[in-house]
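What follows is the content of target27.tsv, which has TSV, C-alpha atoms:
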```
chain	number	residue	atom	x	y	z
A	1328	MET	CA	120.64	70.33	53.68
A	1329	HIS	CA	121.83	71.59	57.06
A	1330	ASN	CA	123.50	74.72	55.69
A	1331	ASN	CA	120.49	75.53	53.53
A	1332	LEU	CA	118.19	75.03	56.50
A	1333	VAL	CA	120.18	77.43	58.66
A	1334	CYS	CA	120.32	80.11	55.95
A	1335	LEU	CA	116.62	79.84	55.11
A	1336	PHE	CA	115.47	79.94	58.70
A	1337	VAL	CA	117.77	82.71	59.88
A	1338	SER	CA	117.01	84.93	56.88
A	1339	GLU	CA	113.25	84.72	57.51
A	1340	VAL	CA	113.20	84.75	61.32
A	1341	VAL	CA	115.81	87.29	62.42
A	1342	PRO	CA	114.07	90.41	60.99
A	1343	VAL	CA	110.84	89.62	62.86
A	1344	PRO	CA	110.49	91.74	66.03
A	1345	GLY	CA	109.36	90.30	69.37
A	1346	LEU	CA	110.14	86.69	68.61
A	1347	CYS	CA	109.01	83.58	70.42
A	1348	GLY	CA	109.02	79.94	69.42
A	1349	ALA	CA	105.27	79.64	68.87
A	1350	ALA	CA	105.15	82.76	66.69
A	1351	THR	CA	107.76	81.34	64.29
A	1352	LEU	CA	105.95	78.04	63.71
A	1353	PRO	CA	104.34	79.10	60.38
A	1354	ILE	CA	107.76	80.09	59.04
A	1355	THR	CA	109.26	76.85	60.33
A	1356	PHE	CA	106.55	74.78	58.64
A	1357	ARG	CA	107.12	76.60	55.35
A	1358	CYS	CA	110.89	76.10	55.50
A	1359	MET	CA	110.66	72.43	56.42
A	1360	ASN	CA	107.82	71.33	54.14
A	1361	ASP	CA	108.22	73.51	51.06
A	1362	LYS	CA	111.96	74.20	50.94
A	1363	CYS	CA	113.55	71.25	52.75
A	1364	GLY	CA	111.11	68.54	51.67
A	1365	VAL	CA	110.33	67.09	55.11
A	1366	ASP	CA	107.17	64.99	55.21
A	1367	PRO	CA	104.29	67.06	56.66
A	1368	ARG	CA	103.19	64.10	58.78
A	1369	ILE	CA	106.50	64.34	60.65
A	1370	SER	CA	106.80	68.13	60.84
A	1371	ARG	CA	103.23	68.64	62.08
A	1372	PHE	CA	103.94	66.29	64.99
A	1373	VAL	CA	107.53	67.21	65.92
A	1374	LEU	CA	107.61	70.99	65.49
A	1375	PRO	CA	104.71	71.97	67.79
A	1376	ILE	CA	106.10	69.73	70.55
A	1377	GLY	CA	109.59	71.15	70.07
A	1378	ALA	CA	108.31	74.73	70.17
A	1379	THR	CA	106.88	74.02	73.62
A	1380	VAL	CA	109.49	71.73	75.19
A	1381	ASN	CA	112.77	72.10	73.31
A	1382	MET	CA	114.36	75.41	74.41
A	1383	ASP	CA	118.06	74.94	73.69
A	1384	GLY	CA	118.87	78.60	73.23
A	1385	THR	CA	116.97	79.61	76.36
A	1386	ALA	CA	118.81	77.06	78.52
A	1387	LEU	CA	122.18	78.18	77.12
A	1388	PHE	CA	121.38	81.86	77.67
A	1389	VAL	CA	120.25	81.28	81.26
A	1390	SER	CA	123.35	79.22	82.07
A	1391	VAL	CA	125.84	81.62	80.48
A	1392	GLY	CA	124.07	84.65	81.97
A	1393	THR	CA	124.24	83.14	85.46
A	1394	VAL	CA	127.96	82.38	85.16
A	1395	PHE	CA	128.56	85.90	83.80
A	1396	ILE	CA	126.84	87.51	86.79
A	1397	ALA	CA	128.84	85.29	89.16
A	1398	GLN	CA	132.13	86.28	87.52
A	1399	MET	CA	131.14	89.94	87.46
A	1400	ASN	CA	130.60	89.82	91.23
A	1401	GLU	CA	133.82	87.79	91.70
A	1402	ILE	CA	131.95	84.87	93.22
A	1403	SER	CA	133.56	81.46	92.78
A	1404	LEU	CA	131.29	78.61	91.77
A	1405	GLY	CA	131.95	75.00	92.66
A	1406	VAL	CA	130.97	71.81	90.92
A	1407	GLY	CA	127.73	71.67	92.87
A	1408	GLU	CA	126.76	75.20	91.82
A	1409	TYR	CA	127.50	74.44	88.16
A	1410	ALA	CA	125.41	71.28	88.36
A	1411	THR	CA	122.59	73.25	89.97
A	1412	ILE	CA	122.77	75.85	87.20
A	1413	VAL	CA	122.61	73.20	84.49
A	1414	VAL	CA	119.69	71.29	86.02
A	1415	THR	CA	117.72	74.39	87.00
A	1416	ALA	CA	118.25	76.13	83.65
A	1417	THR	CA	117.16	73.02	81.73
A	1418	ALA	CA	114.04	72.50	83.86
A	1419	ALA	CA	113.12	76.18	83.74
A	1420	SER	CA	113.55	76.36	79.96
A	1421	VAL	CA	111.23	73.38	79.44
A	1422	ALA	CA	108.56	75.08	81.54
A	1423	SER	CA	109.05	78.51	79.95
A	1424	ALA	CA	106.19	80.23	78.15
A	1425	SER	CA	106.36	81.02	74.44
A	1426	VAL	CA	106.57	84.77	74.91
A	1427	PRO	CA	109.37	87.21	74.04
A	1428	SER	CA	112.12	87.69	76.64
A	1429	ALA	CA	110.84	84.89	78.86
A	1430	ALA	CA	114.45	83.92	79.67
A	1431	LEU	CA	114.92	87.07	81.73
A	1432	VAL	CA	112.37	85.75	84.21
A	1433	LEU	CA	113.89	82.28	84.22
A	1434	ILE	CA	117.38	83.56	84.95
A	1435	VAL	CA	116.11	85.09	88.20
A	1436	ILE	CA	115.07	81.60	89.32
A	1437	VAL	CA	118.52	80.19	88.54
A	1438	LEU	CA	120.31	83.09	90.27
A	1439	THR	CA	118.23	82.55	93.38
A	1440	ALA	CA	119.01	78.80	93.34
A	1441	VAL	CA	122.78	79.43	93.56
A	1442	ASN	CA	122.56	82.44	95.90
A	1443	LEU	CA	123.63	85.07	93.36
A	1444	PRO	CA	122.30	88.67	93.31
A	1445	ALA	CA	119.13	88.60	91.23
A	1446	THR	CA	119.15	92.38	90.80
A	1447	ASP	CA	122.05	92.15	88.35
A	1448	VAL	CA	119.74	90.60	85.78
A	1449	SER	CA	118.83	94.17	84.82
A	1450	LEU	CA	122.17	94.38	83.00
A	1451	LEU	CA	120.92	91.85	80.47
A	1452	PHE	CA	117.84	93.89	79.53
A	1453	THR	CA	119.92	96.13	77.27
A	1454	ILE	CA	121.04	93.29	74.99
A	1455	ASP	CA	118.06	90.98	75.26
A	1456	TRP	CA	116.27	92.51	72.25
A	1457	LEU	CA	119.10	91.16	70.06
A	1458	VAL	CA	119.95	87.98	71.95
A	1459	ASP	CA	116.30	86.94	71.88
A	1460	ARG	CA	116.50	86.55	68.09
A	1461	PHE	CA	119.46	84.18	68.34
A	1462	ARG	CA	117.81	82.24	71.15
A	1463	THR	CA	114.69	81.69	69.06
A	1464	THR	CA	116.75	80.73	66.02
A	1465	ASN	CA	118.67	78.20	68.08
A	1466	ASN	CA	115.47	76.80	69.60
A	1467	MET	CA	113.72	76.32	66.26
A	1468	LEU	CA	116.80	74.97	64.49
A	1469	GLY	CA	116.93	72.21	67.10
A	1470	ASP	CA	113.31	71.40	66.30
A	1471	CYS	CA	114.06	71.37	62.57
A	1472	TYR	CA	117.03	69.04	62.95
A	1473	THR	CA	114.92	66.75	65.11
A	1474	ALA	CA	112.15	66.64	62.50
A	1475	ALA	CA	114.68	65.81	59.76
A	1476	ILE	CA	116.23	63.01	61.85
A	1477	VAL	CA	112.84	61.55	62.78
A	1478	GLU	CA	111.83	61.54	59.11
A	1479	HIS	CA	115.08	59.76	58.18
A	1480	TRP	CA	114.46	57.07	60.81
A	1481	SER	CA	110.80	56.71	59.80
A	1482	GLN	CA	111.25	56.23	56.06
A	1483	LYS	CA	110.15	52.58	56.14
A	1484	GLU	CA	107.08	53.37	58.24
A	1485	LEU	CA	106.09	56.26	55.97
A	1486	GLN	CA	106.50	54.12	52.85
A	1487	ALA	CA	104.43	51.36	54.45
A	1488	MET	CA	101.68	53.87	55.26
A	1489	ASP	CA	101.72	55.19	51.69
A	1490	ALA	CA	101.54	51.66	50.28
A	1491	GLU	CA	98.70	50.74	52.61
A	1492	ASN	CA	96.74	53.85	51.71
A	1493	SER	CA	97.23	53.24	47.99
A	1494	THR	CA	96.04	49.61	48.16
A	1495	GLU	CA	92.98	50.26	50.29
A	1496	THR	CA	89.75	50.66	48.32
A	1497	ASN	CA	87.17	52.89	49.87
A	1498	PRO	CA	83.65	52.55	48.43
A	1499	ASN	CA	83.09	56.26	48.85
A	1500	ASP	CA	86.25	57.00	46.86
A	1501	VAL	CA	85.08	54.62	44.12
A	1502	GLU	CA	81.74	56.42	43.92
A	1503	LYS	CA	83.49	59.79	43.81
A	1504	ALA	CA	85.77	58.56	41.05
A	1505	ALA	CA	82.76	57.26	39.12
A	1506	ASP	CA	81.02	60.58	39.48
A	1507	LEU	CA	84.08	62.42	38.16
A	1508	THR	CA	84.56	60.03	35.20
A	1509	PRO	CA	83.20	61.53	31.95
A	1510	LEU	CA	80.36	59.70	30.24
A	1511	ASP	CA	81.50	58.44	26.83
A	1512	ASN	CA	78.24	58.52	24.89
A	1513	GLY	CA	79.16	60.66	21.92
A	1514	LYS	CA	78.39	63.90	23.70
A	1515	LEU	CA	81.85	64.62	25.13
A	1516	MET	CA	85.19	66.15	24.33
A	1517	ALA	CA	86.82	66.37	20.96
A	1518	GLY	CA	90.29	67.84	21.39
A	1519	ASN	CA	90.01	70.97	23.49
A	1520	GLU	CA	86.36	71.57	22.62
A	1521	ILE	CA	83.32	70.35	24.53
A	1522	HIS	CA	80.23	69.56	22.49
A	1523	VAL	CA	76.95	69.53	24.33
A	1524	GLU	CA	73.86	68.25	22.58
A	1525	VAL	CA	70.70	70.01	23.58
A	1526	GLU	CA	67.53	68.20	22.68
A	1527	VAL	CA	64.91	70.70	21.57
A	1528	ASN	CA	62.23	68.23	20.68
A	1529	GLN	CA	61.96	64.65	19.58
A	1530	LYS	CA	62.69	65.48	15.94
A	1531	ASP	CA	65.30	68.26	15.94
A	1532	THR	CA	68.64	68.17	17.75
A	1533	THR	CA	70.98	71.17	17.83
A	1534	THR	CA	74.65	71.14	18.80
A	1535	THR	CA	76.09	73.96	20.88
A	1536	LYS	CA	79.87	74.46	20.98
A	1537	MET	CA	81.39	75.69	24.24
```

Whole structure, structure tokens version:
Amino acid sequence: MHNNLVCLFVSEVVPVPGLCGAATLPITFRCMNDKCGVDPRISRFVLPIGATVNMDGTALFVSVGTVFIAQMNEISLGVGEYATIVVTATAASVASASVPSAALVLIVIVLTAVNLPATDVSLLFTIDWLVDRFRTTNNMLGDCYTAAIVEHWSQKELQAMDAENSTETNPNDVEKAADLTPLDNGKLMAGNEIHVEVEVNQKDTTTTKM
């Protein structure tokens, strides 16, 4: 399932220009519900939350981009700086907006936190149009894997809900079912034909075939 999920999502998401996590939600729902068979009750709860909070690709891009700028300027980073990069990149990615190229703004925050030149972020503008697609794919794949895992852990609860819904009798549903049940009084279906008796008067009765 994992390989099929990656192929389906990447093939439908990568060609879309100006990607962000919220914009890919309809495609993600279609891949998860229709093609991967994840219960809609799980996907409708997990995926919107993941599109807002879970930004794996953004956090990785911000961290790697910060280390790249430090190495390009021949600035040595210690354990404290690396820890600051990790914590700041994770917190900034969670608070990032679902707009294209939002990571370029977040990386300025991380560069400032470790005293690196923020002006060098302009070097990443040339490749961000391509890297943004992979960031979004990584972000949404994490949401998809989470939805699949949550569904696997919630099988018993989902089956219990289905059994409870099937055993409950709603009076309104009974009335609707009675309304939809055909009346068997000699005026109904014979094979694929519907015979309707139209009473002209009290003596004559004609049969119309529909």

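Computed from the coordinates, the CA of Ile1434 in chain A to CA of Gly1377 in chain A distance equals 20.9 Å.
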
Spatial sel., origin (126.1, 79.0, 82.6), limit 12 Å, only C-alpha atoms, listed as number ranges by chain: A: 1384-1398, 1404, 1408-1417, 1434, 1437-1438, 1441

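If you measure from each of A:Ala1475, A:Met1467, A:Leu1374, A:Met1382 to Ala1430 in chain A using all atoms listed in the file, the closest one turns out to be A:Met1382.
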
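Of note, CA of Ala1349 in chain A and CA of Ala1429 in chain A are spaced 12.6 Å apart.
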